[in-house]
>>> print(open('start-v9.cif').read())   # mmCIF, C-alpha atoms
data_query
#
loop_
_atom_site.group_PDB
_atom_site.id
_atom_site.type_symbol
_atom_site.label_atom_id
_atom_site.label_comp_id
_atom_site.auth_asym_id
_atom_site.auth_seq_id
_atom_site.Cartn_x
_atom_site.Cartn_y
_atom_site.Cartn_z
ATOM 1 C CA MET O 1 -42.942 122.163 168.780
ATOM 2 C CA ILE O 2 -40.970 123.415 171.795
ATOM 3 C CA SER O 3 -41.242 121.271 174.916
ATOM 4 C CA PHE O 4 -41.084 123.152 178.216
ATOM 5 C CA LEU O 5 -41.015 119.804 180.015
ATOM 6 C CA PRO O 6 -38.411 117.237 178.980
ATOM 7 C CA TYR O 7 -39.349 114.574 176.483
ATOM 8 C CA PRO O 8 -38.341 111.132 177.760
ATOM 9 C CA VAL O 9 -35.790 109.655 175.366
ATOM 10 C CA ARG O 10 -33.571 106.591 175.402
ATOM 11 C CA ILE O 11 -30.075 106.078 174.086
ATOM 12 C CA LYS O 12 -30.008 103.851 170.989
ATOM 13 C CA ASP O 13 -26.301 104.080 170.258
ATOM 14 C CA ILE O 14 -23.095 105.718 171.520
ATOM 15 C CA VAL O 15 -20.008 106.448 169.426
ATOM 16 C CA VAL O 16 -16.750 107.573 171.020
ATOM 17 C CA GLU O 17 -15.580 110.209 168.549
ATOM 18 C CA THR O 18 -12.117 111.216 169.798
ATOM 19 C CA GLU O 19 -8.998 109.414 170.947
ATOM 20 C CA ASP O 20 -9.176 110.939 174.419
ATOM 21 C CA GLY O 21 -12.846 109.968 174.856
ATOM 22 C CA SER O 22 -13.880 113.551 175.574
ATOM 23 C CA LEU O 23 -16.514 113.616 172.814
ATOM 24 C CA LYS O 24 -19.262 111.061 172.320
ATOM 25 C CA THR O 25 -22.159 111.039 169.872
ATOM 26 C CA PHE O 26 -25.454 109.825 171.325
ATOM 27 C CA THR O 27 -28.242 108.553 169.080
ATOM 28 C CA LEU O 28 -31.516 109.260 170.866
ATOM 29 C CA ALA O 29 -35.001 107.852 170.385
ATOM 30 C CA PHE O 30 -38.270 109.265 171.722
ATOM 31 C CA GLU O 31 -40.111 106.900 174.029
ATOM 32 C CA GLN O 32 -43.495 108.057 172.785
ATOM 33 C CA GLU O 33 -44.509 108.003 169.126
ATOM 34 C CA ARG O 34 -46.496 111.243 169.468
ATOM 35 C CA HIS O 35 -43.350 113.078 170.537
ATOM 36 C CA GLN O 36 -41.498 111.723 167.530
ATOM 37 C CA ARG O 37 -44.275 112.896 165.195
ATOM 38 C CA ALA O 38 -44.355 116.363 166.765
ATOM 39 C CA TRP O 39 -40.588 116.893 166.642
ATOM 40 C CA GLN O 40 -39.264 119.485 164.173
ATOM 41 C CA HIS O 41 -35.988 121.356 164.274
ATOM 42 C CA ILE O 42 -33.777 123.618 162.159
ATOM 43 C CA PRO O 43 -30.015 123.133 161.744
ATOM 44 C CA GLY O 44 -28.301 125.395 164.237
ATOM 45 C CA GLN O 45 -30.797 124.874 167.066
ATOM 46 C CA PHE O 46 -29.940 123.181 170.351
ATOM 47 C CA VAL O 47 -31.582 121.113 173.093
ATOM 48 C CA MET O 48 -31.273 120.814 176.846
ATOM 49 C CA LEU O 49 -30.312 117.283 177.871
ATOM 50 C CA SER O 50 -31.025 116.276 181.471
ATOM 51 C CA VAL O 51 -29.678 113.450 183.612
ATOM 52 C CA ALA O 52 -31.508 112.548 186.826
ATOM 53 C CA GLY O 53 -29.545 113.711 189.838
ATOM 54 C CA ALA O 54 -27.089 115.772 187.793
ATOM 55 C CA GLY O 55 -29.129 118.496 186.068
ATOM 56 C CA GLU O 56 -29.323 119.615 182.457
ATOM 57 C CA ALA O 57 -26.969 121.171 179.925
ATOM 58 C CA PRO O 58 -27.312 122.780 176.467
ATOM 59 C CA VAL O 59 -26.132 120.619 173.561
ATOM 60 C CA GLY O 60 -26.195 121.488 169.868
ATOM 61 C CA LEU O 61 -28.084 119.178 167.532
ATOM 62 C CA ALA O 62 -25.706 117.323 165.246
ATOM 63 C CA SER O 63 -28.444 115.705 163.183
ATOM 64 C CA SER O 64 -30.341 117.212 160.299
ATOM 65 C CA PRO O 65 -34.149 117.335 160.026
ATOM 66 C CA ALA O 66 -33.605 115.184 156.918
ATOM 67 C CA GLU O 67 -32.278 112.318 159.063
ATOM 68 C CA GLU O 68 -34.391 109.830 160.978
ATOM 69 C CA SER O 69 -32.056 109.666 163.970
ATOM 70 C CA LEU O 70 -31.589 112.416 166.554
ATOM 71 C CA LEU O 71 -27.868 112.920 167.223
ATOM 72 C CA CYS O 72 -26.144 114.913 169.948
ATOM 73 C CA THR O 73 -22.361 115.050 170.213
ATOM 74 C CA VAL O 74 -21.465 115.849 173.820
ATOM 75 C CA ASN O 75 -18.182 117.312 175.053
ATOM 76 C CA ARG O 76 -17.314 116.128 178.569
ATOM 77 C CA ALA O 77 -16.714 119.420 180.333
ATOM 78 C CA GLY O 78 -18.670 119.564 183.599
ATOM 79 C CA LEU O 79 -20.980 117.784 186.022
ATOM 80 C CA VAL O 80 -23.895 117.173 183.650
ATOM 81 C CA THR O 81 -21.867 116.282 180.574
ATOM 82 C CA SER O 82 -19.678 113.950 182.668
ATOM 83 C CA ALA O 83 -22.850 112.237 183.878
ATOM 84 C CA LEU O 84 -24.027 111.947 180.264
ATOM 85 C CA HIS O 85 -20.746 110.271 179.356
ATOM 86 C CA GLN O 86 -21.391 107.629 182.024
ATOM 87 C CA LEU O 87 -24.706 106.567 180.480
ATOM 88 C CA LYS O 88 -25.098 103.356 178.486
ATOM 89 C CA VAL O 89 -27.198 102.247 175.532
ATOM 90 C CA GLY O 90 -30.772 101.839 176.752
ATOM 91 C CA ASP O 91 -30.480 104.443 179.501
ATOM 92 C CA ARG O 92 -33.086 107.143 179.797
ATOM 93 C CA LEU O 93 -32.658 110.918 179.869
ATOM 94 C CA GLY O 94 -34.701 114.049 179.281
ATOM 95 C CA LEU O 95 -34.676 116.304 176.239
ATOM 96 C CA ARG O 96 -36.126 119.825 176.018
ATOM 97 C CA GLY O 97 -36.323 121.603 172.719
ATOM 98 C CA PRO O 98 -35.725 122.439 170.009
ATOM 99 C CA LEU O 99 -34.497 125.778 171.342
ATOM 100 C CA GLY O 100 -33.159 128.995 169.856
ATOM 101 C CA ASN O 101 -33.038 129.888 166.200
ATOM 102 C CA GLY O 102 -31.132 128.231 163.373
ATOM 103 C CA PHE O 103 -29.551 128.860 159.992
ATOM 104 C CA PRO O 104 -32.111 130.154 157.442
ATOM 105 C CA LEU O 105 -31.391 127.334 155.013
ATOM 106 C CA ASP O 106 -34.917 127.527 153.611
ATOM 107 C CA GLY O 107 -34.790 131.332 153.566
ATOM 108 C CA ALA O 108 -31.960 133.758 152.866
ATOM 109 C CA ILE O 109 -29.401 130.989 152.373
ATOM 110 C CA LYS O 110 -31.358 128.976 149.825
ATOM 111 C CA GLY O 111 -29.836 129.105 146.361
ATOM 112 C CA LYS O 112 -26.453 130.334 147.615
ATOM 113 C CA ASN O 113 -22.977 128.889 147.479
ATOM 114 C CA LEU O 114 -22.062 127.760 150.999
ATOM 115 C CA VAL O 115 -18.804 128.084 152.888
ATOM 116 C CA LEU O 116 -18.790 126.130 156.149
ATOM 117 C CA ILE O 117 -15.932 126.854 158.562
ATOM 118 C CA ALA O 118 -15.622 124.893 161.804
ATOM 119 C CA GLY O 119 -13.086 124.619 164.586
ATOM 120 C CA GLY O 120 -12.999 121.836 167.177
ATOM 121 C CA PHE O 121 -16.210 120.190 168.320
ATOM 122 C CA ALA O 122 -18.271 123.138 167.030
ATOM 123 C CA VAL O 123 -18.378 121.141 163.794
ATOM 124 C CA THR O 124 -21.395 119.355 165.291
ATOM 125 C CA ILE O 125 -23.650 122.274 164.351
ATOM 126 C CA LEU O 126 -22.300 122.416 160.810
ATOM 127 C CA ARG O 127 -22.763 118.682 160.376
ATOM 128 C CA SER O 128 -26.488 119.305 160.863
ATOM 129 C CA ALA O 129 -26.464 122.068 158.246
ATOM 130 C CA LEU O 130 -24.406 120.067 155.745
ATOM 131 C CA MET O 131 -26.582 116.965 156.003
ATOM 132 C CA PHE O 132 -29.664 119.106 155.386
ATOM 133 C CA VAL O 133 -28.069 120.719 152.340
ATOM 134 C CA LEU O 134 -26.987 117.348 150.922
ATOM 135 C CA ALA O 135 -30.560 116.074 151.294
ATOM 136 C CA HIS O 136 -31.736 119.078 149.236
ATOM 137 C CA ARG O 137 -28.661 119.380 147.049
ATOM 138 C CA GLN O 138 -30.441 120.933 144.063
ATOM 139 C CA ASP O 139 -31.363 123.987 146.154
ATOM 140 C CA TYR O 140 -27.784 125.142 146.791
ATOM 141 C CA GLY O 141 -24.628 125.989 144.865
ATOM 142 C CA ARG O 142 -21.095 124.819 145.480
ATOM 143 C CA ILE O 143 -20.021 123.774 148.982
ATOM 144 C CA THR O 144 -16.671 124.611 150.565
ATOM 145 C CA PHE O 145 -16.036 123.013 153.952
ATOM 146 C CA ILE O 146 -13.038 124.013 156.111
ATOM 147 C CA TYR O 147 -12.641 122.055 159.357
ATOM 148 C CA GLY O 148 -9.798 122.024 161.852
ATOM 149 C CA ALA O 149 -8.930 120.222 165.076
ATOM 150 C CA ARG O 150 -5.916 120.032 167.357
ATOM 151 C CA SER O 151 -4.791 116.609 166.132
ATOM 152 C CA PRO O 152 -5.978 113.740 163.894
ATOM 153 C CA GLY O 153 -7.426 111.946 166.907
ATOM 154 C CA MET O 154 -9.621 114.940 167.756
ATOM 155 C CA LEU O 155 -11.373 115.073 164.377
ATOM 156 C CA LEU O 156 -15.056 114.178 164.621
ATOM 157 C CA TYR O 157 -17.162 112.125 162.195
ATOM 158 C CA GLN O 158 -14.116 110.634 160.512
ATOM 159 C CA GLU O 159 -15.979 108.123 158.349
ATOM 160 C CA GLU O 160 -18.292 110.873 157.119
ATOM 161 C CA LEU O 161 -15.272 113.088 156.419
ATOM 162 C CA ARG O 162 -13.929 110.362 154.134
ATOM 163 C CA GLN O 163 -17.295 110.132 152.379
ATOM 164 C CA TRP O 164 -17.496 113.906 151.910
ATOM 165 C CA ALA O 165 -13.924 113.977 150.572
ATOM 166 C CA ARG O 166 -14.935 111.560 147.809
ATOM 167 C CA ARG O 167 -17.810 113.754 146.646
ATOM 168 C CA GLU O 168 -17.165 115.988 143.665
ATOM 169 C CA ASP O 169 -19.666 118.593 144.862
ATOM 170 C CA ILE O 170 -17.879 119.304 148.187
ATOM 171 C CA ASP O 171 -14.545 121.128 148.364
ATOM 172 C CA LEU O 172 -13.320 119.723 151.686
ATOM 173 C CA HIS O 173 -10.283 121.065 153.569
ATOM 174 C CA VAL O 174 -9.447 119.258 156.821
ATOM 175 C CA THR O 175 -6.546 120.556 158.875
ATOM 176 C CA ILE O 176 -4.815 119.961 162.205
ATOM 177 C CA ASP O 177 -3.041 122.609 164.267
ATOM 178 C CA ARG O 178 0.396 120.966 164.179
ATOM 179 C CA GLY O 179 1.957 118.120 162.239
ATOM 180 C CA ALA O 180 1.538 114.585 163.582
ATOM 181 C CA PRO O 181 3.066 111.201 162.686
ATOM 182 C CA GLY O 182 1.177 109.592 159.815
ATOM 183 C CA TRP O 183 -0.788 112.739 158.952
ATOM 184 C CA ASP O 184 -0.427 113.747 155.294
ATOM 185 C CA GLY O 185 -3.213 116.319 155.178
ATOM 186 C CA LEU O 186 -3.247 120.062 155.772
ATOM 187 C CA VAL O 187 -1.435 121.531 158.761
ATOM 188 C CA GLY O 188 -2.294 124.961 160.119
ATOM 189 C CA PHE O 189 -4.916 126.828 162.093
ATOM 190 C CA VAL O 190 -8.341 127.312 160.530
ATOM 191 C CA PRO O 191 -7.852 131.063 159.792
ATOM 192 C CA THR O 192 -4.648 130.238 157.894
ATOM 193 C CA ILE O 193 -6.399 127.620 155.786
ATOM 194 C CA ALA O 194 -9.323 129.992 155.167
ATOM 195 C CA ALA O 195 -6.841 132.552 153.825
ATOM 196 C CA GLN O 196 -5.283 129.921 151.543
ATOM 197 C CA VAL O 197 -8.611 128.652 150.213
ATOM 198 C CA ALA O 198 -9.936 132.223 149.767
ATOM 199 C CA PRO O 199 -13.554 131.203 149.037
ATOM 200 C CA SER O 200 -15.320 133.603 146.694
ATOM 201 C CA PRO O 201 -18.023 135.787 148.269
ATOM 202 C CA GLU O 202 -20.010 135.928 145.034
ATOM 203 C CA ASN O 203 -23.577 134.721 145.679
ATOM 204 C CA SER O 204 -22.232 133.030 148.815
ATOM 205 C CA VAL O 205 -22.955 132.677 152.521
ATOM 206 C CA ALA O 206 -20.549 131.546 155.233
ATOM 207 C CA LEU O 207 -21.580 129.548 158.304
ATOM 208 C CA ILE O 208 -18.879 129.735 160.979
ATOM 209 C CA CYS O 209 -18.769 127.826 164.272
ATOM 210 C CA GLY O 210 -15.815 127.573 166.612
ATOM 211 C CA PRO O 211 -13.960 129.129 169.532
ATOM 212 C CA PRO O 212 -14.177 132.951 169.670
ATOM 213 C CA ILE O 213 -10.460 133.273 168.927
ATOM 214 C CA MET O 214 -10.875 131.206 165.759
ATOM 215 C CA ILE O 215 -13.805 133.320 164.603
ATOM 216 C CA LYS O 216 -11.887 136.533 165.348
ATOM 217 C CA TYR O 217 -8.934 135.600 163.145
ATOM 218 C CA THR O 218 -10.983 133.920 160.416
ATOM 219 C CA MET O 219 -12.809 137.131 159.552
ATOM 220 C CA PRO O 220 -9.867 139.299 158.295
ATOM 221 C CA PRO O 221 -8.919 136.956 155.387
ATOM 222 C CA LEU O 222 -12.578 136.802 154.371
ATOM 223 C CA GLU O 223 -12.964 140.567 154.564
ATOM 224 C CA ALA O 224 -9.813 140.990 152.467
ATOM 225 C CA ILE O 225 -11.472 139.223 149.535
ATOM 226 C CA GLY O 226 -14.797 141.042 149.790
ATOM 227 C CA TRP O 227 -16.961 139.162 152.287
ATOM 228 C CA THR O 228 -19.464 141.432 154.063
ATOM 229 C CA ASP O 229 -20.904 141.087 157.563
ATOM 230 C CA ASP O 230 -24.371 140.252 156.230
ATOM 231 C CA GLN O 231 -22.975 137.226 154.392
ATOM 232 C CA VAL O 232 -21.583 135.591 157.523
ATOM 233 C CA TYR O 233 -23.621 133.603 160.064
ATOM 234 C CA LEU O 234 -22.087 132.771 163.438
ATOM 235 C CA SER O 235 -23.244 130.329 166.110
ATOM 236 C CA LEU O 236 -22.516 131.672 169.614
ATOM 237 C CA GLU O 237 -22.527 130.242 173.109
ATOM 238 C CA ASN O 238 -22.777 132.336 176.252
ATOM 239 C CA ARG O 239 -23.435 130.606 179.577
ATOM 240 C CA MET O 240 -26.854 129.276 178.596
ATOM 241 C CA ARG O 241 -28.797 127.881 181.562
ATOM 242 C CA CYS O 242 -32.569 127.736 181.034
ATOM 243 C CA GLY O 243 -32.599 127.726 177.233
ATOM 244 C CA GLN O 244 -35.755 129.828 177.065
ATOM 245 C CA GLY O 245 -34.703 133.386 177.887
ATOM 246 C CA LEU O 246 -36.139 133.312 181.400
ATOM 247 C CA CYS O 247 -33.072 133.381 183.629
ATOM 248 C CA CYS O 248 -31.213 136.006 181.525
ATOM 249 C CA HIS O 249 -27.939 134.289 182.378
ATOM 250 C CA CYS O 250 -26.811 134.335 178.747
ATOM 251 C CA ASN O 251 -27.520 137.986 177.998
ATOM 252 C CA VAL O 252 -25.072 140.050 175.969
ATOM 253 C CA GLY O 253 -26.404 143.569 176.350
ATOM 254 C CA PRO O 254 -30.068 143.406 175.249
ATOM 255 C CA VAL O 255 -29.644 140.044 173.497
ATOM 256 C CA LEU O 256 -30.390 136.622 175.005
ATOM 257 C CA VAL O 257 -28.176 134.109 173.216
ATOM 258 C CA CYS O 258 -30.429 131.131 173.999
ATOM 259 C CA LYS O 259 -33.552 132.841 172.654
ATOM 260 C CA ASP O 260 -32.445 135.459 170.115
ATOM 261 C CA GLY O 261 -29.662 133.140 168.914
ATOM 262 C CA PRO O 262 -27.547 131.151 169.026
ATOM 263 C CA VAL O 263 -27.269 131.986 165.297
ATOM 264 C CA PHE O 264 -26.549 135.619 164.408
ATOM 265 C CA THR O 265 -25.175 137.384 161.365
ATOM 266 C CA ARG O 266 -21.819 139.024 161.950
ATOM 267 C CA ALA O 267 -23.545 142.364 161.372
ATOM 268 C CA GLN O 268 -25.775 141.622 164.379
ATOM 269 C CA VAL O 269 -22.823 140.503 166.501
ATOM 270 C CA LYS O 270 -20.946 143.732 165.799
ATOM 271 C CA GLN O 271 -23.819 145.652 167.401
ATOM 272 C CA LEU O 272 -23.319 143.778 170.687
ATOM 273 C CA PRO O 273 -21.078 144.884 173.583
ATOM 274 C CA VAL O 274 -17.349 144.159 173.369
ATOM 275 C CA GLU O 275 -17.866 140.715 174.946
ATOM 276 C CA TYR O 276 -18.400 139.597 171.364
#
>>> encode(input="start-v9.cif", output="structure tokens")
Amino acid sequence: MISFLPYPVRIKDIVVETEDGSLKTFTLAFEQERHQRAWQHIPGQFVMLSVAGAGEAPVGLASSPAEESLLCTVNRAGLVTSALHQLKVGDRLGLRGPLGNGFPLDGAIKGKNLVLIAGGFAVTILRSALMFVLAHRQDYGRITFIYGARSPGMLLYQEELRQWARREDIDLHVTIDRGAPGWDGLVGFVPTIAAQVAPSPENSVALICGPPIMIKYTMPPLEAIGWTDDQVYLSLENRMRCGQGLCCHCNVGPVLVCKDGPVFTRAQVKQLPVEY
């Protein structure tokens, strides 16, 4: 159920994810049981989080519908997100959502092999998708997960990364942009690693989230081995303000990213103006 007025929620837990403190994961709890019972979301959707006196900002949902907790990983980047980073466990904030569309994990994607490709803190969205898939593991084929960050200290969900690396049913490739002391894993930008891994397009779907430049250069190595535009799902951001398609601030041509997206196939994106 979409809430046009914010649900009151409280912070149950806060985890500082990165060495520079720019990313924190907030575990949120509904104040009212009826709101908890009514809540349903799809991996790939987002919410608007509001702080009294500061405003509200769009934040992707990092948690899966299969999890009891509601998780939002927030990048400190402006007035509202900086105010969010100042909050403590027990503090109250508002939550509107779920908003936008999501990945069709129960639809066109079900039964497919999955290739998840993430750059930077955009991995939050793919965490939601992966946790859903792992909770319904029998419904999907093999999983390939490629994730890159600038440095080891900027990698999110590090304990979960270690758990996923130990699983035999996930082919995990974690990379950093440049070598760092003590790092013995992959080194290279995400598009380079995607070219090396060369995931098969046979009966497969790719979910890609990251900076536009990463997405741009990740596509050619996939195309070279036979991936088509209809097999690739992208999660976009574009100056979302209201989250409900009313202010039209996030339009790209005829498309409203907050309402018609933020998840699009690459075939859909290629029909948009050159902004994307």
>>> resolve_selection(input="start-v9.cif", expression="the PyMOL selection byres ((chain O and resi 88) around 12)", output="ChimeraX atom specification")
/O:10-16,24-28,83-87,89-93
>>> closest_residue(input="start-v9.cif", among="O:Met48, O:Ile117, O:Val59, O:Val257", to="Phe4 in chain O", atoms="all atoms listed in the file")
O:Met48
>>> residues_around(input="start-v9.cif", residues="Leu5 in chain O", least_positions_apart="5", cutoff="12 Å", atoms="only C-alpha atoms", output="list of chain:residue names")
O:His35, O:Val47, O:Met48, O:Leu49, O:Ser50, O:Glu56, O:Gly94, O:Leu95, O:Arg96, O:Gly97, O:Pro98, O:Cys242, O:Gly243, O:Gln244
>>> atom_distance(input="start-v9.cif", atom1="CA of Pro211 in chain O", atom2="CA of Pro65 in chain O")
25.2 Å
>>> closest_residue(input="start-v9.cif", among="O:Pro254, O:Leu161, O:Leu126, O:Ala135", to="Gly210 in chain O", atoms="only C-alpha atoms")
O:Leu126
>>> closest_residue(input="start-v9.cif", among="O:Pro152, O:Gly182, O:Pro201, O:Gly44", to="Met131 in chain O", atoms="all atoms listed in the file")
O:Gly44
>>> closest_residue(input="start-v9.cif", among="O:Cys258, O:Val51, O:Ala118, O:Leu156", to="Asn75 in chain O", atoms="all atoms listed in the file")
O:Leu156
>>> residues_around(input="start-v9.cif", residues="Leu130 in chain O", least_positions_apart="4", cutoff="12 Å", atoms="only C-alpha atoms", output="ChimeraX atom specification")
/O:42-44,62-67,103,105,114-118,123-126,134-137,140,142-145,160-161,164,169-170,172,207
>>> atom_distance(input="start-v9.cif", atom1="CA of Leu61 in chain O", atom2="CA of Arg76 in chain O")
15.7 Å
>>> resolve_selection(input="start-v9.cif", expression="the PyMOL selection byres ((chain O and resi 104) around 12)", output="PyMOL selection string")
chain O and resi 41-45+101-103+105-112+129+132-133+205-207+231-234+263-265
>>> atom_distance(input="start-v9.cif", atom1="CA of Leu186 in chain O", atom2="CA of Glu202 in chain O")
25.5 Å
>>> resolve_selection(input="start-v9.cif", expression="the PyMOL selection byres ((chain O and resi 175) around 6)", output="list of chain:residue names")
O:Gly148, O:Val174, O:Ile176, O:Leu186, O:Val187
>>> closest_residue(input="start-v9.cif", among="O:Gly253, O:Gly185, O:Pro58, O:Gly261", to="Pro273 in chain O", atoms="only C-alpha atoms")
O:Gly253
>>> closest_residue(input="start-v9.cif", among="O:Ser235, O:Thr81, O:Gln138, O:Thr228", to="Gly119 in chain O", atoms="only C-alpha atoms")
O:Ser235
>>> decode(input="start-v9.cif", residues="range 92-162 of chain O", atoms="C-alpha atoms", output="PDB file, in the first residue's frame")
ATOM      1  CA  ARG O  92      11.709   9.325  14.835  1.00  0.00           C
ATOM      2  CA  LEU O  93      11.352  10.116  11.135  1.00  0.00           C
ATOM      3  CA  GLY O  94       8.774   9.841   8.378  1.00  0.00           C
ATOM      4  CA  LEU O  95       8.604   7.272   5.600  1.00  0.00           C
ATOM      5  CA  ARG O  96       6.493   7.499   2.432  1.00  0.00           C
ATOM      6  CA  GLY O  97       6.227   4.567   0.104  1.00  0.00           C
ATOM      7  CA  PRO O  98       6.876   2.143  -1.346  1.00  0.00           C
ATOM      8  CA  LEU O  99       7.278   4.187  -4.524  1.00  0.00           C
ATOM      9  CA  GLY O 100       8.058   3.470  -8.160  1.00  0.00           C
ATOM     10  CA  ASN O 101       8.312   0.073  -9.764  1.00  0.00           C
ATOM     11  CA  GLY O 102      10.754  -2.744  -9.076  1.00  0.00           C
ATOM     12  CA  PHE O 103      12.462  -5.738 -10.639  1.00  0.00           C
ATOM     13  CA  PRO O 104       9.925  -8.316 -11.920  1.00  0.00           C
ATOM     14  CA  LEU O 105      11.411 -11.097  -9.816  1.00  0.00           C
ATOM     15  CA  ASP O 106       8.056 -12.870  -9.632  1.00  0.00           C
ATOM     16  CA  GLY O 107       7.409 -12.226 -13.329  1.00  0.00           C
ATOM     17  CA  ALA O 108       9.737 -12.130 -16.322  1.00  0.00           C
ATOM     18  CA  ILE O 109      12.839 -12.783 -14.222  1.00  0.00           C
ATOM     19  CA  LYS O 110      11.561 -15.869 -12.427  1.00  0.00           C
ATOM     20  CA  GLY O 111      13.320 -19.040 -13.515  1.00  0.00           C
ATOM     21  CA  LYS O 112      16.260 -17.179 -15.070  1.00  0.00           C
ATOM     22  CA  ASN O 113      19.956 -17.136 -14.342  1.00  0.00           C
ATOM     23  CA  LEU O 114      20.771 -13.785 -12.728  1.00  0.00           C
ATOM     24  CA  VAL O 115      23.719 -11.479 -13.264  1.00  0.00           C
ATOM     25  CA  LEU O 116      23.846  -8.639 -10.740  1.00  0.00           C
ATOM     26  CA  ILE O 117      26.276  -5.801 -11.485  1.00  0.00           C
ATOM     27  CA  ALA O 118      26.695  -2.943  -9.013  1.00  0.00           C
ATOM     28  CA  GLY O 119      28.982   0.040  -8.664  1.00  0.00           C
ATOM     29  CA  GLY O 120      29.408   2.088  -5.489  1.00  0.00           C
ATOM     30  CA  PHE O 121      26.512   2.516  -3.089  1.00  0.00           C
ATOM     31  CA  ALA O 122      24.014   1.521  -5.806  1.00  0.00           C
ATOM     32  CA  VAL O 123      24.598  -2.004  -4.502  1.00  0.00           C
ATOM     33  CA  THR O 124      21.888  -1.232  -1.933  1.00  0.00           C
ATOM     34  CA  ILE O 125      19.177  -1.914  -4.516  1.00  0.00           C
ATOM     35  CA  LEU O 126      20.773  -5.179  -5.600  1.00  0.00           C
ATOM     36  CA  ARG O 127      21.118  -6.320  -2.005  1.00  0.00           C
ATOM     37  CA  SER O 128      17.317  -6.196  -1.827  1.00  0.00           C
ATOM     38  CA  ALA O 129      17.006  -8.260  -5.009  1.00  0.00           C
ATOM     39  CA  LEU O 130      19.637 -10.801  -3.952  1.00  0.00           C
ATOM     40  CA  MET O 131      18.124 -11.367  -0.516  1.00  0.00           C
ATOM     41  CA  PHE O 132      14.736 -11.973  -2.134  1.00  0.00           C
ATOM     42  CA  VAL O 133      16.229 -14.465  -4.582  1.00  0.00           C
ATOM     43  CA  LEU O 134      18.093 -16.310  -1.814  1.00  0.00           C
ATOM     44  CA  ALA O 135      14.835 -16.615   0.141  1.00  0.00           C
ATOM     45  CA  HIS O 136      13.256 -18.239  -2.943  1.00  0.00           C
ATOM     46  CA  ARG O 137      16.384 -19.941  -4.229  1.00  0.00           C
ATOM     47  CA  GLN O 138      14.592 -22.802  -5.988  1.00  0.00           C
ATOM     48  CA  ASP O 139      12.890 -20.336  -8.347  1.00  0.00           C
ATOM     49  CA  TYR O 140      16.090 -19.066  -9.989  1.00  0.00           C
ATOM     50  CA  GLY O 141      19.163 -20.405 -11.764  1.00  0.00           C
ATOM     51  CA  ARG O 142      22.793 -19.574 -11.162  1.00  0.00           C
ATOM     52  CA  ILE O 143      23.749 -16.206  -9.662  1.00  0.00           C
ATOM     53  CA  THR O 144      26.707 -14.097 -10.769  1.00  0.00           C
ATOM     54  CA  PHE O 145      27.357 -10.993  -8.678  1.00  0.00           C
ATOM     55  CA  ILE O 146      29.889  -8.337  -9.763  1.00  0.00           C
ATOM     56  CA  TYR O 147      30.392  -5.464  -7.309  1.00  0.00           C
ATOM     57  CA  GLY O 148      32.955  -2.681  -7.307  1.00  0.00           C
ATOM     58  CA  ALA O 149      33.887   0.256  -5.094  1.00  0.00           C
ATOM     59  CA  ARG O 150      36.666   2.823  -5.013  1.00  0.00           C
ATOM     60  CA  SER O 151      38.567   1.162  -2.165  1.00  0.00           C
ATOM     61  CA  PRO O 152      38.187  -1.678   0.374  1.00  0.00           C
ATOM     62  CA  GLY O 153      36.877   0.768   2.961  1.00  0.00           C
ATOM     63  CA  MET O 154      34.054   1.854   0.648  1.00  0.00           C
ATOM     64  CA  LEU O 155      32.613  -1.639   0.173  1.00  0.00           C
ATOM     65  CA  LEU O 156      29.182  -2.016   1.759  1.00  0.00           C
ATOM     66  CA  TYR O 157      27.756  -5.007   3.642  1.00  0.00           C
ATOM     67  CA  GLN O 158      31.176  -6.537   4.188  1.00  0.00           C
ATOM     68  CA  GLU O 159      30.058  -9.323   6.520  1.00  0.00           C
ATOM     69  CA  GLU O 160      27.350 -10.326   4.053  1.00  0.00           C
ATOM     70  CA  LEU O 161      29.906 -10.243   1.228  1.00  0.00           C
ATOM     71  CA  ARG O 162      31.968 -12.789   3.156  1.00  0.00           C
TER      72      ARG O 162
END
